[in-house]
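**Student:** Below are the structure tokens for one structure; questions will follow.
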Amino acid sequence: MKQLKIVVLAKQVPDTHNVGKDAMKADGTVNRGALPAIFNPEDLNALEQAIRLKENNPGSTLTIITMGPARAAEVIREGLYRGADNGYLITDRRFAGSDTLATSYAISMAVRKLMPVDVIICGRQAIDGDTAQVGPQVAEKLQIPQITYAEEIVSVDDKELTVKRRLERGIEIVASQMPVLVTVHSSAPPCRARNAKLLMKYKHARCITEWQEAGEDYLHLQKERPYLNIMEWSVDDIQADVEWLGLSGSPTKVKKIESVVFKAKESKVLTSSEADIDWLMKDLISNHTIG
Amino acid sequence: MNNIFVFCEIEENNVVADVSQELLTKGRVLANQLNCKLEAVVLGDKLTDVEKNILPYGVDILHIAEHGKLYPYLTLPFASIIVDLIKKVQPQVALFGATTIGRDLAPRVASALKCGLTADCTELVIGEHTENRTGKEYKDLLYQVRPAFGGNIIATIINPDTRPQMATVREGVMKKEIVNSQYQGEIHRINAEEIMRGEDFVARIIERHIEARKINIKAANIIIAGGYGVGSRDGFKLLYELGAAIGAEVGASRAAVDAGFVEHERQIGQTGITVRPKLYIACGISGQIQHRAGMMESSMIISINNDPHAPINSIADYTIIGDLSEVLPRMIKSFRKNSK
């Protein structure tokens, strides 16, 4: 058994799969405020793989990293409730406007601070962009191998991690030297529920900004129960070069955003009666659409 | 002159992937517009006659890297060769299929080159841009159009200052068309051995179980697609029955695939395949925006649904309100009676 240092990368995203009526503004842009913020679904699959890896290798540690505003600390709490040992929130106004390249640079700099790390695990993609780029780009920035589309971490020994990948028409089992970055596909097992004991232990965990915003006296809490402190890292903490962050570090620019408009057709409505269906089938046959 | 560059993917049985040929077709159009050449690259093992399936799409220069270690695909050696080649030939645009290979490789390459990459584009067009802040003008940029926010918005992305401008495109989004079966292009051989490094092989494949492509849903004239409303794997039997009767292929929405009713290969929509059949029969599909994007260009759409307000009905030519278990057998019966 090897004691592993495991890092999970997770993102808080707007719930784009459940878009309500008020989610779009009149000008066609997305009203982020109207969409609930959730733990990115595939990052939950990733968290489950990480927790299993930790459980199967006693003495391992699991750290969760997220990047975003103070409220993204919620993602770290959800990780703590399920078995993460600690978490870091990368937060700074200077990250605003980062595309995948700038984001992966920032995350890679944060991971560097935690090195040596054995395994980095994240979801394949986030539902707000569906790009699947940040995982491979973090791996490239760290100059380590990547295994994408993982369905299961099969085994680990002193040197290698073995992973089952889910591809378009089959599966592949890949072994890679560590450190390695793994991106997890939605076909992997769902994440376990919160653990009641951990929920009790960590429900007051906060990052400093959250404590300050709530006007709480956090100094004594931090001292008595240091595990309640979710660390915040700024650009300076991760020693990142601001040139490579935010808009200046992002080669892609958004030129235009439009809302999706489908041309509605005049739909002819039929019942499921034999007469209606017979009429339709005859029509399709006579105009050579079928047959 | 900076050219257009397309990464060609090799599938099982050493065939060139459809999506690569679709990108070559698009690449040719862009190259004509920009008055430059179309270059392609293919990596693999035993690529005998591979050029016959690439050059006819109007490829002027084809780079071939043939090596025992280049099949099956591994991220690091592929990335090393593609990064090296792009640095040498300096294309203005580089296109990859949005497959598991393309979506594994392209981001790694873009990061190494510090270039912008746009995933899953649905349209690629040439346009200009004026930077608001500086007033700087750009000509002949690649507009990379893609859905975002779960398909609720369409964004146009540009990479003004980095080259190549990189994009991935899903299968079926672009149409493929041979320019000339005798199209003359140069072939450049890459010495892979020289470029690959020992550390490119820290990951190795232990086992593979990949099936050759069985279904070609894009080529079907008629598609019967089932959604979550079909209810079960068993429920899909009726769709196959109707398909066998009228000569149609069976497709599915993401919800039906995720629920395990049918195999992933049949998935239609933004995260699956884009189709444009003559007739599309949507069975128990509510018509999430992501699904509609992948089939809305069908010539005729029939929706069969319990719910008269299902979003898919708004783009259907005919809507049948009713149960699939009732409607589908009646369609089969009626077809058998009337088609003679």
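Ligands are numbered from 1 in the order shown, chains are lettered A, B, ... in the order of the structure tokens, and residues start at 1 in each chain.
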Return the neighbours of chain B among the residues of chain A, cut-off 7 Å, counting only C-alpha atoms, as a VMD selection string.

**Tutor:** chain A and resid 16 to 17 101 127 to 129 131 to 133 136 to 137 140 148 167 to 177 251 to 260 263 to 272 274 277 to 278 281 to 282 285 289 to 291

**Student:** Taking the chain letters and numbering used in this document, name the residues of segment 4-91 of chain A that DSSP puts in strand (DSSP E), as a list in words.

**Tutor:** Lys5, Ile6, Val7, Val8, Leu9, Ala10, Gln12, Val13, Pro14, Ala37, Ile38, Phe39, Thr61, Leu62, Thr63, Ile64, Ile65, Thr66, Met67, Asn86, Gly87, Tyr88, Leu89 and Ile90 of chain A

**Student:** Limited to N, CA, C and O atoms, could you put the picked residues into a file as a compact mmCIF listing (two decimals), in the first residue's frame?

**Tutor:**
```
# COMPACT_ATOMS: atom_id res chain seq x y z
N LYS A 5 -0.91 11.14 -2.00
CA LYS A 5 -1.40 12.50 -1.85
C LYS A 5 -2.29 12.77 -3.05
O LYS A 5 -1.82 12.80 -4.19
N ILE A 6 -3.59 12.88 -2.78
CA ILE A 6 -4.59 13.00 -3.84
C ILE A 6 -5.16 14.42 -3.84
O ILE A 6 -5.48 14.97 -2.78
N VAL A 7 -5.29 15.00 -5.04
CA VAL A 7 -5.91 16.32 -5.15
C VAL A 7 -7.10 16.21 -6.09
O VAL A 7 -7.00 15.63 -7.17
N VAL A 8 -8.24 16.74 -5.66
CA VAL A 8 -9.42 16.81 -6.53
C VAL A 8 -9.62 18.26 -6.96
O VAL A 8 -9.55 19.17 -6.14
N LEU A 9 -9.86 18.46 -8.27
CA LEU A 9 -10.20 19.78 -8.78
C LEU A 9 -11.69 19.80 -9.03
O LEU A 9 -12.21 18.93 -9.73
N ALA A 10 -12.39 20.75 -8.42
CA ALA A 10 -13.85 20.79 -8.59
C ALA A 10 -14.28 22.20 -8.91
O ALA A 10 -13.60 23.17 -8.59
N GLN A 12 -17.68 25.02 -9.08
CA GLN A 12 -19.07 25.36 -8.85
C GLN A 12 -19.62 25.95 -10.15
O GLN A 12 -19.00 26.84 -10.73
N VAL A 13 -20.74 25.41 -10.60
CA VAL A 13 -21.28 25.84 -11.90
C VAL A 13 -22.75 26.21 -11.78
O VAL A 13 -23.45 25.71 -10.91
N PRO A 14 -23.23 27.07 -12.68
CA PRO A 14 -24.68 27.29 -12.74
C PRO A 14 -25.33 26.03 -13.29
O PRO A 14 -24.77 25.36 -14.16
N ALA A 37 -26.46 27.50 -8.10
CA ALA A 37 -25.07 27.08 -8.23
C ALA A 37 -24.94 25.68 -7.66
O ALA A 37 -25.39 25.42 -6.55
N ILE A 38 -24.34 24.79 -8.43
CA ILE A 38 -24.21 23.40 -7.98
C ILE A 38 -22.77 22.91 -8.13
O ILE A 38 -21.95 23.56 -8.77
N PHE A 39 -22.51 21.78 -7.53
CA PHE A 39 -21.23 21.07 -7.66
C PHE A 39 -21.24 20.47 -9.06
O PHE A 39 -22.16 19.72 -9.40
N THR A 61 -4.01 11.16 1.79
CA THR A 61 -4.73 12.41 2.09
C THR A 61 -5.43 12.90 0.83
O THR A 61 -4.97 12.66 -0.29
N LEU A 62 -6.53 13.58 1.04
CA LEU A 62 -7.34 14.08 -0.07
C LEU A 62 -7.60 15.57 0.13
O LEU A 62 -8.20 15.99 1.11
N THR A 63 -7.13 16.35 -0.84
CA THR A 63 -7.29 17.80 -0.80
C THR A 63 -8.16 18.23 -1.96
O THR A 63 -8.00 17.72 -3.08
N ILE A 64 -9.09 19.13 -1.71
CA ILE A 64 -9.96 19.59 -2.80
C ILE A 64 -9.64 21.06 -3.11
O ILE A 64 -9.46 21.87 -2.21
N ILE A 65 -9.50 21.35 -4.40
CA ILE A 65 -9.19 22.72 -4.83
C ILE A 65 -10.32 23.21 -5.71
O ILE A 65 -10.80 22.48 -6.58
N THR A 66 -10.74 24.44 -5.49
CA THR A 66 -11.69 25.05 -6.41
C THR A 66 -11.27 26.49 -6.67
O THR A 66 -10.52 27.08 -5.89
N MET A 67 -11.75 27.03 -7.79
CA MET A 67 -11.41 28.41 -8.13
C MET A 67 -12.74 29.13 -8.34
O MET A 67 -13.63 28.60 -8.99
N ASN A 86 -8.98 18.41 3.50
CA ASN A 86 -8.89 19.87 3.54
C ASN A 86 -9.14 20.43 2.15
O ASN A 86 -9.27 19.66 1.19
N GLY A 87 -9.23 21.76 2.08
CA GLY A 87 -9.52 22.35 0.78
C GLY A 87 -8.93 23.74 0.63
O GLY A 87 -8.63 24.41 1.63
N TYR A 88 -8.72 24.14 -0.60
CA TYR A 88 -8.19 25.47 -0.91
C TYR A 88 -9.10 26.14 -1.92
O TYR A 88 -9.47 25.54 -2.93
N LEU A 89 -9.44 27.40 -1.63
CA LEU A 89 -10.22 28.20 -2.57
C LEU A 89 -9.26 29.18 -3.24
O LEU A 89 -8.65 30.00 -2.56
N ILE A 90 -9.15 29.05 -4.54
CA ILE A 90 -8.31 30.01 -5.28
C ILE A 90 -9.23 31.15 -5.68
O ILE A 90 -10.17 30.95 -6.45
```

**Student:** Calculate how many Å separate atom CA of Phe5 of chain B from atom CA of Gln184 of chain B, rounding to one decimal.

**Tutor:** 16.9 Å

**Student:** List as number ranges by chain the protein and nucleic acid residues near Asp118 of chain A, meaning an atom at most 12 Å away when only C-alpha atoms are counted, but skip any in the same chain fewer than 2 places from it.

**Tutor:** A: 2-8, 50, 53-54, 60-63, 111-112, 114-116, 120-121, 144-145, 156-161, 176-182

**Student:** Need the shell around segment 51-68 of chain B: protein/DNA/RNA residues with any atom at most 7 Å away, counting only C-alpha atoms. Skip same-chain ones fewer than 2 positions apart. Format as a count of residues only?

**Tutor:** 34

**Student:** Residues of segment 68-240 of chain A in alpha helix (DSSP H) according to DSSP, as a count of residues only?

**Tutor:** 54

**Student:** What does the structure give for the distance between atom CA of Leu95 of chain B and atom CA of Val15 of chain B, in Å to one decimal?

**Tutor:**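 Atom CA of Val15 of chain B lies 18.6 Å from atom CA of Leu95 of chain B.
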
**Student:** I'd like the contact shell of His185 of chain A - 6 Å cut-off, only C-alpha atoms, skipping same-chain residues fewer than 3 positions apart - returned as a ChimeraX atom specification.

**Tutor:** /A:124,149-151,188

**Student:** Which neighbours of segment 220-223 of chain A fall inside 12 Å, counting only C-alpha atoms, when residues of the same chain fewer than 3 positions from it are skipped, and could you give them as a list of chain:residue names?

**Tutor:**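 In the requested form, the answer reads A:His204, A:Ala205, A:Arg206, A:Cys207, A:Ile208, A:Trp211, A:Glu216, A:Asp217, A:Pro226, A:Tyr227, A:Leu228, A:Asn229, A:Ile230, A:Met231.
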
**Student:** What lies within 12 Å of Leu34 of chain B using only C-alpha atoms, ignoring chain neighbours under 6 positions off, as a ChimeraX atom specification?

**Tutor:** /B:1-4,27-28,92-93,125-127,139-142

**Student:** State, in Å with one decimal place, the distance from atom CA of Lys11 of chain A to atom CA of Asn40 of chain A.

**Tutor:**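 Distance between the two atoms: 5.7 Å.
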